[in-house]
>>> print(open('coords.cif').read())   # mmCIF, C-alpha atoms and all ligand atoms
data_target
#
loop_
_atom_site.label_atom_id
_atom_site.label_comp_id
_atom_site.auth_asym_id
_atom_site.auth_seq_id
_atom_site.Cartn_x
_atom_site.Cartn_y
_atom_site.Cartn_z
CA MET P 317 27.28 17.18 -8.05
CA THR P 318 24.78 17.16 -10.90
CA LEU P 319 21.29 18.45 -10.22
CA ILE P 320 18.54 17.32 -12.55
CA VAL P 321 15.69 19.81 -12.54
CA GLY P 322 12.18 19.06 -13.75
CA ALA P 323 9.04 21.17 -13.98
CA SER P 324 5.33 20.44 -13.77
CA ILE P 325 3.31 23.14 -15.48
CA GLY P 326 -0.35 24.13 -15.10
CA ILE P 327 -1.92 26.35 -17.76
CA SER P 328 -5.13 28.38 -17.72
CA LYS P 329 -6.45 30.64 -20.51
CA TYR P 330 -8.29 33.94 -20.48
CA PRO P 331 -11.24 34.18 -20.93
CA ASP P 332 -12.11 30.45 -21.13
CA HIS P 333 -11.07 29.64 -17.56
CA GLY P 334 -11.83 32.90 -15.77
CA ASN P 335 -11.94 36.65 -16.12
CA SER P 336 -9.90 37.73 -13.12
CA LEU P 337 -6.30 37.09 -12.18
CA ASP P 338 -7.34 35.27 -8.99
CA ILE P 339 -9.59 32.82 -10.78
CA LEU P 340 -7.06 32.22 -13.56
CA LEU P 341 -4.29 31.58 -11.05
CA ARG P 342 -6.44 29.13 -9.15
CA ALA P 343 -7.31 27.30 -12.38
CA ALA P 344 -3.61 27.15 -13.31
CA ASP P 345 -2.85 25.84 -9.83
CA ILE P 346 -5.44 23.07 -10.13
CA ALA P 347 -3.97 22.15 -13.54
CA MET P 348 -0.47 22.14 -12.03
CA TYR P 349 -1.64 19.80 -9.30
CA GLU P 350 -2.78 17.40 -12.03
CA SER P 351 0.47 17.75 -13.98
CA LYS P 352 2.46 16.93 -10.82
CA LYS P 353 0.78 13.56 -10.66
CA ILE P 354 2.38 12.68 -14.00
CA GLN P 355 5.55 14.71 -13.25
CA ASN P 356 7.40 16.87 -15.74
CA HIS P 357 4.25 17.41 -17.68
CA ALA P 358 2.21 20.40 -18.83
CA GLN P 359 -1.54 20.35 -18.23
CA ILE P 360 -4.22 22.76 -19.47
CA PHE P 361 -7.08 23.42 -17.03
CA GLN P 362 -10.38 21.52 -17.58
CA ASP P 363 -13.68 21.72 -15.68
CA SER P 364 -13.41 18.05 -14.67
CA LEU P 365 -10.17 18.87 -12.84
CA GLN P 366 -12.09 21.36 -10.72
CA ASP P 367 -14.47 18.62 -9.47
CA GLU P 368 -11.59 16.31 -8.66
CA TYR P 369 -9.76 19.11 -6.91
CA LEU P 370 -12.80 19.98 -4.77
CA LYS P 371 -13.19 16.33 -3.81
CA HIS P 372 -9.53 16.21 -2.87
CA VAL P 373 -9.90 19.34 -0.72
CA LYS P 374 -12.96 17.89 1.01
CA ILE P 375 -11.21 14.58 1.75
CA GLU P 376 -8.15 16.43 3.01
CA HIS P 377 -10.29 18.55 5.32
CA GLU P 378 -12.40 15.69 6.72
CA LEU P 379 -9.37 13.42 7.10
CA ARG P 380 -7.84 15.86 9.61
CA LYS P 381 -10.63 14.98 12.05
CA ALA P 382 -10.82 11.25 11.24
CA ILE P 383 -8.59 9.96 14.04
CA GLU P 384 -10.11 12.16 16.77
CA HIS P 385 -13.62 11.25 15.63
CA HIS P 386 -12.81 7.52 15.73
CA GLU P 387 -13.61 7.11 12.04
CA LEU P 388 -10.47 5.19 11.10
CA PHE P 389 -10.15 1.48 11.75
CA VAL P 390 -8.25 -1.55 10.50
CA VAL P 391 -9.41 -4.78 8.86
CA TYR P 392 -7.34 -7.92 8.36
CA GLN P 393 -7.17 -10.16 5.31
CA PRO P 394 -5.92 -13.71 5.90
CA GLN P 395 -2.97 -15.11 3.94
CA ILE P 396 -2.96 -18.87 3.44
CA ASP P 397 0.06 -21.02 2.57
CA HIS P 398 0.09 -23.79 -0.06
CA THR P 399 -0.70 -26.45 2.56
CA GLY P 400 -3.88 -24.58 3.53
CA SER P 401 -2.53 -23.31 6.87
CA ILE P 402 -2.78 -19.72 8.00
CA HIS P 403 0.41 -17.80 7.24
CA GLY P 404 -0.68 -14.37 8.40
CA VAL P 405 -2.84 -11.34 7.77
CA GLU P 406 -2.51 -8.06 5.90
CA ALA P 407 -3.72 -5.01 7.84
CA LEU P 408 -5.78 -2.68 5.63
CA ALA P 409 -6.98 0.76 6.66
CA ARG P 410 -10.65 1.76 6.51
CA TRP P 411 -12.28 5.18 6.87
CA GLU P 412 -15.95 5.73 7.50
CA SER P 413 -16.41 9.48 7.44
CA ALA P 414 -19.49 11.04 9.07
CA THR P 415 -19.91 13.39 6.10
CA LEU P 416 -18.40 11.49 3.13
CA GLY P 417 -19.41 7.93 4.03
CA ILE P 418 -16.96 5.12 3.33
CA VAL P 419 -13.91 6.47 1.51
CA PRO P 420 -11.70 3.70 0.06
CA PRO P 421 -7.99 3.69 1.01
CA ASP P 422 -7.09 4.09 -2.68
CA GLN P 423 -8.62 7.57 -2.34
CA PHE P 424 -7.64 8.75 1.11
CA ILE P 425 -4.10 7.35 1.38
CA PRO P 426 -2.82 9.44 -1.59
CA VAL P 427 -4.52 12.54 -0.08
CA ALA P 428 -2.94 11.77 3.29
CA GLU P 429 0.42 11.51 1.55
CA ALA P 430 0.02 14.75 -0.38
CA SER P 431 -1.26 16.75 2.60
CA GLY P 432 1.36 15.68 5.12
CA GLN P 433 -1.04 13.57 7.19
CA MET P 434 0.36 10.16 6.32
CA VAL P 435 2.88 9.95 9.13
CA LYS P 436 0.23 10.52 11.79
CA ILE P 437 -2.28 8.22 10.12
CA GLY P 438 0.36 5.57 9.47
CA TYR P 439 1.34 5.61 13.12
CA PHE P 440 -2.29 5.30 14.17
CA ILE P 441 -2.82 2.31 11.82
CA LEU P 442 0.33 0.64 13.13
CA SER P 443 -0.58 1.05 16.82
CA ARG P 444 -4.17 -0.02 16.29
CA THR P 445 -3.02 -3.09 14.35
CA LEU P 446 -0.49 -4.11 16.97
CA GLN P 447 -3.01 -3.65 19.79
CA GLU P 448 -5.66 -5.71 18.02
CA ILE P 449 -3.32 -8.46 16.87
CA GLN P 450 -1.75 -8.78 20.30
CA THR P 451 -5.16 -9.59 21.77
CA THR P 452 -6.24 -11.95 18.98
CA LEU P 453 -6.25 -15.59 20.12
CA GLY P 454 -3.24 -17.45 21.37
CA ILE P 455 -1.97 -18.51 17.94
CA THR P 456 1.01 -16.88 16.25
CA PHE P 457 0.90 -15.60 12.71
CA GLN P 458 2.62 -12.98 10.57
CA THR P 459 1.13 -9.48 10.34
CA SER P 460 1.80 -7.41 7.20
CA ILE P 461 1.60 -3.63 7.38
CA ASN P 462 1.59 -1.33 4.34
CA ILE P 463 4.17 1.45 4.53
CA SER P 464 3.73 4.36 2.16
CA VAL P 465 6.71 6.08 0.53
CA ARG P 466 6.29 9.24 2.66
CA GLN P 467 6.16 7.20 5.84
CA PHE P 468 9.25 5.24 4.91
CA MET P 469 11.21 8.38 4.00
CA GLU P 470 10.46 10.12 7.31
CA ALA P 471 13.76 10.61 9.18
CA ASP P 472 12.65 8.74 12.31
CA PHE P 473 10.51 6.08 10.61
CA LEU P 474 12.34 3.02 11.92
CA GLU P 475 12.76 4.43 15.41
CA GLN P 476 9.02 5.17 15.69
CA PHE P 477 8.14 1.81 14.18
CA LEU P 478 10.33 -0.08 16.65
CA ASN P 479 9.02 1.99 19.56
CA ALA P 480 5.44 1.07 18.69
CA ILE P 481 6.33 -2.63 18.53
CA HIS P 482 8.28 -2.39 21.77
CA ASP P 483 5.45 -0.56 23.59
CA ILE P 484 3.02 -3.34 22.73
CA GLY P 485 5.59 -6.00 23.57
CA MET P 486 5.23 -7.79 20.27
CA ASN P 487 7.78 -10.11 18.68
CA LYS P 488 9.45 -8.29 15.74
CA ASP P 489 9.78 -11.57 13.83
CA LEU P 490 6.01 -11.60 13.42
CA ILE P 491 5.88 -8.27 11.60
CA THR P 492 6.19 -7.80 7.84
CA ILE P 493 6.31 -4.42 6.14
CA GLU P 494 4.92 -4.08 2.63
CA ILE P 495 6.70 -1.59 0.41
CA THR P 496 6.18 -0.88 -3.28
CA GLU P 497 8.52 -0.43 -6.20
CA ASN P 498 7.70 3.34 -6.13
CA LEU P 499 10.03 3.60 -3.18
CA PHE P 500 13.02 3.06 -5.46
CA ILE P 501 12.33 6.30 -7.30
CA GLU P 502 13.64 7.89 -4.09
CA ASP P 503 17.28 7.89 -2.98
CA VAL P 504 18.46 4.28 -3.18
CA ASP P 505 21.61 5.07 -1.18
CA TYR P 506 19.38 6.02 1.72
CA ILE P 507 16.79 3.25 1.28
CA LEU P 508 19.09 0.26 0.87
CA PRO P 509 20.95 0.54 4.21
CA LEU P 510 17.63 1.23 5.97
CA LEU P 511 16.06 -1.91 4.49
CA HIS P 512 19.05 -3.93 5.67
CA LYS P 513 18.71 -2.46 9.15
CA ILE P 514 15.00 -3.33 9.20
CA GLN P 515 15.75 -6.90 8.19
CA GLN P 516 18.49 -7.19 10.81
CA CYS P 517 15.87 -6.28 13.43
CA GLY P 518 13.99 -9.44 12.41
CA ILE P 519 11.22 -7.63 10.53
CA GLN P 520 10.27 -9.25 7.22
CA ILE P 521 10.09 -7.19 4.04
CA SER P 522 7.54 -7.78 1.30
CA MET P 523 7.49 -6.16 -2.15
CA ASP P 524 3.86 -5.29 -2.85
CA ASP P 525 2.20 -5.00 -6.30
CA PHE P 526 5.25 -6.64 -7.84
CA GLY P 527 5.41 -6.50 -11.63
CA THR P 528 3.53 -3.21 -12.04
CA GLY P 529 6.26 -0.70 -11.33
CA TYR P 530 9.88 -0.05 -11.92
CA SER P 531 12.48 -2.31 -10.43
CA SER P 532 15.30 -3.86 -12.36
CA LEU P 533 16.52 -7.37 -11.70
CA ASN P 534 19.83 -5.83 -10.81
CA MET P 535 18.15 -3.75 -8.13
CA LEU P 536 16.08 -6.66 -6.85
CA ARG P 537 19.25 -8.70 -6.41
CA LYS P 538 20.61 -6.11 -3.97
CA LEU P 539 17.43 -5.75 -1.91
CA PRO P 540 16.85 -7.66 1.32
CA ILE P 541 13.35 -8.77 0.32
CA ASP P 542 11.69 -11.82 1.93
CA GLU P 543 8.49 -11.92 -0.09
CA LEU P 544 7.22 -10.90 -3.52
CA LYS P 545 3.51 -10.16 -3.81
CA ILE P 546 2.28 -10.73 -7.33
CA ASP P 547 -0.10 -7.94 -8.26
CA LYS P 548 -3.79 -8.75 -8.50
CA SER P 549 -3.94 -7.53 -12.12
CA PHE P 550 -1.95 -10.62 -13.22
CA ILE P 551 -4.08 -12.96 -11.13
CA ASP P 552 -7.32 -11.50 -12.56
CA THR P 553 -6.54 -12.77 -16.06
CA ILE P 554 -4.26 -15.70 -15.29
CA VAL P 555 -6.75 -18.42 -16.23
CA GLU P 556 -7.46 -17.21 -19.76
CA ASP P 557 -4.45 -15.04 -20.63
CA LYS P 558 -1.27 -16.91 -21.63
CA THR P 559 0.83 -13.74 -21.31
CA ALA P 560 -0.30 -13.24 -17.71
CA GLN P 561 0.54 -16.91 -17.06
CA LYS P 562 4.05 -16.42 -18.43
CA MET P 563 4.51 -13.27 -16.36
CA VAL P 564 3.43 -15.04 -13.19
CA GLN P 565 5.69 -18.03 -13.92
CA ASN P 566 8.58 -15.60 -14.45
CA ILE P 567 7.86 -13.72 -11.21
CA ILE P 568 7.75 -17.00 -9.28
CA ALA P 569 11.04 -18.09 -10.89
CA ILE P 570 12.66 -14.75 -9.97
CA GLY P 571 11.43 -15.08 -6.40
CA LYS P 572 12.80 -18.63 -6.10
CA ASN P 573 16.16 -17.59 -7.59
CA PHE P 574 16.51 -14.83 -5.03
CA ASN P 575 15.29 -17.02 -2.14
CA MET P 576 12.11 -15.03 -1.69
CA SER P 577 8.73 -16.53 -1.05
CA VAL P 578 5.97 -15.60 -3.47
CA LEU P 579 2.41 -14.62 -2.55
CA ALA P 580 -0.44 -14.16 -5.03
CA GLU P 581 -2.96 -11.48 -4.09
CA GLY P 582 -6.55 -11.07 -5.24
CA VAL P 583 -7.14 -14.80 -5.60
CA GLU P 584 -10.86 -15.39 -6.16
CA THR P 585 -11.31 -18.82 -7.77
CA ASN P 586 -10.34 -22.45 -7.47
CA GLU P 587 -8.91 -22.41 -11.01
CA GLN P 588 -6.54 -19.59 -10.11
CA ILE P 589 -5.30 -21.45 -7.05
CA ALA P 590 -4.80 -24.70 -8.99
CA LEU P 591 -2.77 -22.90 -11.65
CA LEU P 592 -0.74 -20.89 -9.14
CA THR P 593 -0.03 -24.02 -7.10
CA SER P 594 1.19 -25.83 -10.23
CA PHE P 595 3.55 -22.87 -10.87
CA GLY P 596 4.98 -23.21 -7.33
CA CYS P 597 3.37 -20.18 -5.67
CA ASP P 598 3.89 -20.32 -1.89
CA LYS P 599 1.02 -18.27 -0.47
CA PHE P 600 -2.37 -16.83 -1.36
CA GLN P 601 -4.53 -13.93 -0.31
CA GLY P 602 -7.92 -13.06 -1.73
CA TYR P 603 -11.70 -13.20 -1.52
CA TYR P 604 -11.55 -16.95 -2.24
CA PHE P 605 -10.40 -17.41 1.37
CA ALA P 606 -11.71 -14.25 3.00
CA LYS P 607 -12.36 -10.57 2.45
CA PRO P 608 -10.54 -8.16 4.78
CA LEU P 609 -12.23 -8.79 8.16
CA PRO P 610 -12.76 -6.73 11.32
CA LYS P 611 -10.87 -8.18 14.28
CA ASP P 612 -13.82 -10.13 15.72
CA ASP P 613 -14.63 -11.75 12.36
CA LEU P 614 -10.96 -12.62 11.97
CA ILE P 615 -11.08 -14.48 15.28
CA THR P 616 -14.14 -16.42 14.06
CA PHE P 617 -12.33 -17.19 10.79
CA PHE P 618 -9.33 -18.56 12.71
CA GLN P 619 -11.55 -20.64 14.99
CA LYS P 620 -13.37 -22.19 12.01
CA ARG P 621 -10.17 -23.24 10.33
P1 LIG O 1 -2.92 -3.34 -1.62
O1 LIG O 1 -1.87 -3.22 -0.55
O2 LIG O 1 -2.49 -3.92 -2.92
O3 LIG O 1 -4.09 -4.15 -0.95
C1 LIG O 1 -4.81 -5.16 -1.60
C2 LIG O 1 -6.16 -4.66 -2.00
O4 LIG O 1 -6.83 -5.67 -2.74
C3 LIG O 1 -7.07 -4.36 -0.81
O5 LIG O 1 -7.90 -3.27 -1.18
C4 LIG O 1 -7.89 -5.64 -0.69
O6 LIG O 1 -9.14 -5.42 -0.05
C5 LIG O 1 -8.08 -5.97 -2.16
N1 LIG O 1 -8.33 -7.39 -2.37
C6 LIG O 1 -7.76 -8.43 -1.72
N2 LIG O 1 -8.21 -9.61 -2.21
C7 LIG O 1 -9.08 -9.32 -3.22
C8 LIG O 1 -9.87 -10.13 -4.12
O7 LIG O 1 -9.85 -11.35 -4.09
N3 LIG O 1 -10.64 -9.46 -5.02
C9 LIG O 1 -10.68 -8.10 -5.07
N4 LIG O 1 -11.48 -7.53 -5.99
N5 LIG O 1 -9.93 -7.30 -4.25
C10 LIG O 1 -9.15 -7.91 -3.32
P2 LIG O 1 -8.10 -2.05 -0.23
O8 LIG O 1 -8.21 -2.51 1.17
O9 LIG O 1 -9.18 -1.22 -0.83
O10 LIG O 1 -6.72 -1.28 -0.33
C11 LIG O 1 -6.35 -0.63 -1.49
C12 LIG O 1 -4.94 -0.07 -1.37
O11 LIG O 1 -4.90 0.98 -0.39
C13 LIG O 1 -3.94 -1.11 -0.87
O12 LIG O 1 -3.57 -1.90 -1.93
C14 LIG O 1 -2.83 -0.19 -0.36
O13 LIG O 1 -2.04 0.27 -1.43
C15 LIG O 1 -3.60 0.99 0.20
N6 LIG O 1 -3.72 0.82 1.66
C16 LIG O 1 -4.69 0.18 2.36
N7 LIG O 1 -4.43 0.24 3.69
C17 LIG O 1 -3.26 0.92 3.83
C18 LIG O 1 -2.45 1.32 4.96
O14 LIG O 1 -2.74 1.01 6.12
N8 LIG O 1 -1.30 2.01 4.68
C19 LIG O 1 -0.92 2.34 3.42
N9 LIG O 1 0.21 2.99 3.25
N10 LIG O 1 -1.65 1.98 2.33
C20 LIG O 1 -2.81 1.29 2.54
CA CA O 2 -0.42 -4.36 0.43
CA CA O 3 -0.91 -5.23 -3.44
#
>>> encode(input="coords.cif", output="structure tokens", more="lines below")
Ligand code: C2E
Ligand code: CA
Ligand code: CA
Amino acid sequence: MTLIVGASIGISKYPDHGNSLDILLRAADIAMYESKKIQNHAQIFQDSLQDEYLKHVKIEHELRKAIEHHELFVVYQPQIDHTGSIHGVEALARWESATLGIVPPDQFIPVAEASGQMVKIGYFILSRTLQEIQTTLGITFQTSINISVRQFMEADFLEQFLNAIHDIGMNKDLITIEITENLFIEDVDYILPLLHKIQQCGIQISMDDFGTGYSSLNMLRKLPIDELKIDKSFIDTIVEDKTAQKMVQNIIAIGKNFNMSVLAEGVETNEQIALLTSFGCDKFQGYYFAKPLPKDDLITFFQKR
């Protein structure tokens, strides 16, 4: 067996960053935390890192009480197919902290991941979503749930996931999990069979933020993926930027070749939809149709359509 070892290094200097061993060590630790984000990198301490670190610590601390204090909830963003019918919704987590105010998921999800809270929070989001969806109207639609890398890599992830679906009595065919290309940095020999098992259970698999990360065509070919989600960054510039247009056309072509359906996220204008439709995009999600909505507003949205 070959082990490949890397190191992330944090550096602090005397006397610039402190005049006692304790303070210097803490500064080096904060710098190391930053260098770990980039991986195999060396980082010298800076004052700005201290502010970021303190914010991180505060979020981590407050997040521990978020579930008990009923501060976490879920909103749902509709996904519309090319005929204008409702395909499904994406469940998105929200946190309104009593002390920090609204903290966006881009900020608290990474902290939850780093501080070992993601499994608990992920399970809460899943159960809340299933409960709310189960009691939403009589119509059937697909529900997409974001699964972070940590959650996915937990030994009993699938078992817990299936238990939650079973407890609510929901049809597995109506659930989609959204994973990202980051997952494939982890052990592919572990992930691939698990993805196949998930698909065999009837759960759909969607590749989120596609085009921004690392996944080779060779890898994609082997993956049991049902849907590619084109990242919003391509959609943002698609009308004026020819390169973005080419990228999107290529992603749609890849999806079609591999029998995957393609969804464009972050769609805000008519022009974007017209262009995406002409390229053969199957589904859309974005403010053009609706922002992520609390359950009651989602019901109203469904009734109006
Ligand atoms: P994402 O999965 O790529 O989610 C799409 C993000 O784009 C959402 O931001 C959504 O509100 C936003 N969005 C959708 N349409 C538009 C649009 O037309 N214009 C603009 N400007 N934005 C649009 P949000 O809810 O802030 O979520 C950010 C990220 O946080 C998500 O990115 C996802 O990576 C993560 N996240 C959110 N909820 C969860 C969760 O329950 N579990 C996990 N693991 N991650 C989550
Ligand atoms: Ca997503
Ligand atoms: Ca996305």
>>> residues_around(input="coords.cif", residues="Pro540 of chain P", least_positions_apart="5", cutoff="8 Å", atoms="all atoms listed in the file", output="PDB file with C-alpha atoms, in the frame of the given file")
ATOM      1  CA  LEU P 511      16.060  -1.910   4.490  1.00  0.00           C
ATOM      2  CA  HIS P 512      19.050  -3.930   5.670  1.00  0.00           C
ATOM      3  CA  GLN P 515      15.750  -6.900   8.190  1.00  0.00           C
ATOM      4  CA  ILE P 521      10.090  -7.190   4.040  1.00  0.00           C
TER       5      ILE P 521
END
>>> atom_distance(input="coords.cif", atom1="atom C2 of ligand LIG 1 (chain O)", atom2="atom CA of Ile541 of chain P")
20.1 Å
>>> residues_near_ligand(input="coords.cif", ligand="ligand CA 2 (chain O)", cutoff="12 Å", atoms="all atoms listed in the file", output="VMD selection string")
chain P and resid 392 to 393 395 405 to 409 421 to 422 459 to 464 492 to 497 521 to 526 543 to 548 579 to 582 601 to 602 608
>>> write_last_selection(input="coords.cif", atoms="C-alpha atoms", output="mmCIF file, in the frame of the given file")
data_model
loop_
_atom_site.group_PDB
_atom_site.id
_atom_site.type_symbol
_atom_site.label_atom_id
_atom_site.label_comp_id
_atom_site.auth_asym_id
_atom_site.auth_seq_id
_atom_site.Cartn_x
_atom_site.Cartn_y
_atom_site.Cartn_z
ATOM 1 C CA TYR P 392 -7.340 -7.920 8.360
ATOM 2 C CA GLN P 393 -7.170 -10.160 5.310
ATOM 3 C CA GLN P 395 -2.970 -15.110 3.940
ATOM 4 C CA VAL P 405 -2.840 -11.340 7.770
ATOM 5 C CA GLU P 406 -2.510 -8.060 5.900
ATOM 6 C CA ALA P 407 -3.720 -5.010 7.840
ATOM 7 C CA LEU P 408 -5.780 -2.680 5.630
ATOM 8 C CA ALA P 409 -6.980 0.760 6.660
ATOM 9 C CA PRO P 421 -7.990 3.690 1.010
ATOM 10 C CA ASP P 422 -7.090 4.090 -2.680
ATOM 11 C CA THR P 459 1.130 -9.480 10.340
ATOM 12 C CA SER P 460 1.800 -7.410 7.200
ATOM 13 C CA ILE P 461 1.600 -3.630 7.380
ATOM 14 C CA ASN P 462 1.590 -1.330 4.340
ATOM 15 C CA ILE P 463 4.170 1.450 4.530
ATOM 16 C CA SER P 464 3.730 4.360 2.160
ATOM 17 C CA THR P 492 6.190 -7.800 7.840
ATOM 18 C CA ILE P 493 6.310 -4.420 6.140
ATOM 19 C CA GLU P 494 4.920 -4.080 2.630
ATOM 20 C CA ILE P 495 6.700 -1.590 0.410
ATOM 21 C CA THR P 496 6.180 -0.880 -3.280
ATOM 22 C CA GLU P 497 8.520 -0.430 -6.200
ATOM 23 C CA ILE P 521 10.090 -7.190 4.040
ATOM 24 C CA SER P 522 7.540 -7.780 1.300
ATOM 25 C CA MET P 523 7.490 -6.160 -2.150
ATOM 26 C CA ASP P 524 3.860 -5.290 -2.850
ATOM 27 C CA ASP P 525 2.200 -5.000 -6.300
ATOM 28 C CA PHE P 526 5.250 -6.640 -7.840
ATOM 29 C CA GLU P 543 8.490 -11.920 -0.090
ATOM 30 C CA LEU P 544 7.220 -10.900 -3.520
ATOM 31 C CA LYS P 545 3.510 -10.160 -3.810
ATOM 32 C CA ILE P 546 2.280 -10.730 -7.330
ATOM 33 C CA ASP P 547 -0.100 -7.940 -8.260
ATOM 34 C CA LYS P 548 -3.790 -8.750 -8.500
ATOM 35 C CA LEU P 579 2.410 -14.620 -2.550
ATOM 36 C CA ALA P 580 -0.440 -14.160 -5.030
ATOM 37 C CA GLU P 581 -2.960 -11.480 -4.090
ATOM 38 C CA GLY P 582 -6.550 -11.070 -5.240
ATOM 39 C CA GLN P 601 -4.530 -13.930 -0.310
ATOM 40 C CA GLY P 602 -7.920 -13.060 -1.730
ATOM 41 C CA PRO P 608 -10.540 -8.160 4.780
#
>>> atom_distance(input="coords.cif", atom1="atom CA of His403 of chain P", atom2="atom CA of Leu533 of chain P")
27.0 Å
>>> residues_around(input="coords.cif", residues="Ile570 of chain P", least_positions_apart="5", cutoff="10 Å", atoms="only C-alpha atoms", output="ChimeraX atom specification")
/P:533,536-537,544,564-565,575-578
>>> write_last_selection(input="coords.cif", atoms="C-alpha atoms", output="short mmCIF file (atom, residue, chain, number, x, y, z; two decimals), in the coordinates of the input")
data_model
loop_
_atom_site.label_atom_id
_atom_site.label_comp_id
_atom_site.auth_asym_id
_atom_site.auth_seq_id
_atom_site.Cartn_x
_atom_site.Cartn_y
_atom_site.Cartn_z
CA LEU P 533 16.52 -7.37 -11.70
CA LEU P 536 16.08 -6.66 -6.85
CA ARG P 537 19.25 -8.70 -6.41
CA LEU P 544 7.22 -10.90 -3.52
CA VAL P 564 3.43 -15.04 -13.19
CA GLN P 565 5.69 -18.03 -13.92
CA ASN P 575 15.29 -17.02 -2.14
CA MET P 576 12.11 -15.03 -1.69
CA SER P 577 8.73 -16.53 -1.05
CA VAL P 578 5.97 -15.60 -3.47
#
>>> residues_around(input="coords.cif", residues="Asp489 of chain P", least_positions_apart="3", cutoff="10 Å", atoms="all atoms listed in the file", output="NGL selection string")
:P and (457-459 or 486 or 492 or 515 or 517-520)
>>> decode(input="coords.cif", residues="segment 405-423 of chain P", atoms="N, CA and C atoms", output="PDB file, in the first residue's frame")
ATOM      1  N   VAL P 405     -39.124  20.215  -6.103  1.00  0.00           N
ATOM      2  CA  VAL P 405     -38.596  21.309  -5.291  1.00  0.00           C
ATOM      3  C   VAL P 405     -37.226  20.917  -4.754  1.00  0.00           C
ATOM      4  N   GLU P 406     -36.389  21.936  -4.499  1.00  0.00           N
ATOM      5  CA  GLU P 406     -35.143  21.688  -3.771  1.00  0.00           C
ATOM      6  C   GLU P 406     -35.323  22.209  -2.353  1.00  0.00           C
ATOM      7  N   ALA P 407     -35.019  21.366  -1.373  1.00  0.00           N
ATOM      8  CA  ALA P 407     -35.097  21.782   0.039  1.00  0.00           C
ATOM      9  C   ALA P 407     -33.807  22.504   0.402  1.00  0.00           C
ATOM     10  N   LEU P 408     -33.941  23.713   0.960  1.00  0.00           N
ATOM     11  CA  LEU P 408     -32.758  24.498   1.337  1.00  0.00           C
ATOM     12  C   LEU P 408     -32.870  24.907   2.805  1.00  0.00           C
ATOM     13  N   ALA P 409     -31.791  24.708   3.534  1.00  0.00           N
ATOM     14  CA  ALA P 409     -31.805  24.967   4.975  1.00  0.00           C
ATOM     15  C   ALA P 409     -31.703  26.457   5.268  1.00  0.00           C
ATOM     16  N   ARG P 410     -32.371  26.899   6.328  1.00  0.00           N
ATOM     17  CA  ARG P 410     -32.294  28.279   6.793  1.00  0.00           C
ATOM     18  C   ARG P 410     -32.050  28.293   8.288  1.00  0.00           C
ATOM     19  N   TRP P 411     -31.276  29.286   8.749  1.00  0.00           N
ATOM     20  CA  TRP P 411     -31.017  29.435  10.185  1.00  0.00           C
ATOM     21  C   TRP P 411     -31.218  30.873  10.596  1.00  0.00           C
ATOM     22  N   GLU P 412     -32.166  31.090  11.485  1.00  0.00           N
ATOM     23  CA  GLU P 412     -32.346  32.418  12.051  1.00  0.00           C
ATOM     24  C   GLU P 412     -31.945  32.342  13.519  1.00  0.00           C
ATOM     25  N   SER P 413     -30.727  32.789  13.785  1.00  0.00           N
ATOM     26  CA  SER P 413     -30.175  32.693  15.137  1.00  0.00           C
ATOM     27  C   SER P 413     -30.640  33.872  15.983  1.00  0.00           C
ATOM     28  N   ALA P 414     -30.960  33.603  17.260  1.00  0.00           N
ATOM     29  CA  ALA P 414     -31.423  34.666  18.156  1.00  0.00           C
ATOM     30  C   ALA P 414     -30.318  35.716  18.349  1.00  0.00           C
ATOM     31  N   THR P 415     -29.071  35.283  18.338  1.00  0.00           N
ATOM     32  CA  THR P 415     -27.983  36.241  18.589  1.00  0.00           C
ATOM     33  C   THR P 415     -27.308  36.741  17.308  1.00  0.00           C
ATOM     34  N   LEU P 416     -27.233  35.898  16.266  1.00  0.00           N
ATOM     35  CA  LEU P 416     -26.480  36.288  15.059  1.00  0.00           C
ATOM     36  C   LEU P 416     -27.389  36.766  13.923  1.00  0.00           C
ATOM     37  N   GLY P 417     -28.709  36.612  14.089  1.00  0.00           N
ATOM     38  CA  GLY P 417     -29.626  36.956  13.001  1.00  0.00           C
ATOM     39  C   GLY P 417     -29.624  35.853  11.959  1.00  0.00           C
ATOM     40  N   ILE P 418     -29.975  36.211  10.711  1.00  0.00           N
ATOM     41  CA  ILE P 418     -30.017  35.188   9.665  1.00  0.00           C
ATOM     42  C   ILE P 418     -28.586  34.874   9.205  1.00  0.00           C
ATOM     43  N   VAL P 419     -28.205  33.622   9.326  1.00  0.00           N
ATOM     44  CA  VAL P 419     -26.880  33.195   8.867  1.00  0.00           C
ATOM     45  C   VAL P 419     -27.101  32.347   7.611  1.00  0.00           C
ATOM     46  N   PRO P 420     -26.533  32.747   6.466  1.00  0.00           N
ATOM     47  CA  PRO P 420     -26.790  31.981   5.236  1.00  0.00           C
ATOM     48  C   PRO P 420     -26.172  30.583   5.293  1.00  0.00           C
ATOM     49  N   PRO P 421     -26.781  29.614   4.589  1.00  0.00           N
ATOM     50  CA  PRO P 421     -26.263  28.238   4.624  1.00  0.00           C
ATOM     51  C   PRO P 421     -24.819  28.138   4.113  1.00  0.00           C
ATOM     52  N   ASP P 422     -24.437  29.022   3.198  1.00  0.00           N
ATOM     53  CA  ASP P 422     -23.051  29.032   2.722  1.00  0.00           C
ATOM     54  C   ASP P 422     -22.076  29.217   3.889  1.00  0.00           C
ATOM     55  N   GLN P 423     -22.565  29.881   4.968  1.00  0.00           N
ATOM     56  CA  GLN P 423     -21.690  30.101   6.126  1.00  0.00           C
ATOM     57  C   GLN P 423     -21.826  29.003   7.169  1.00  0.00           C
TER      58      GLN P 423
END
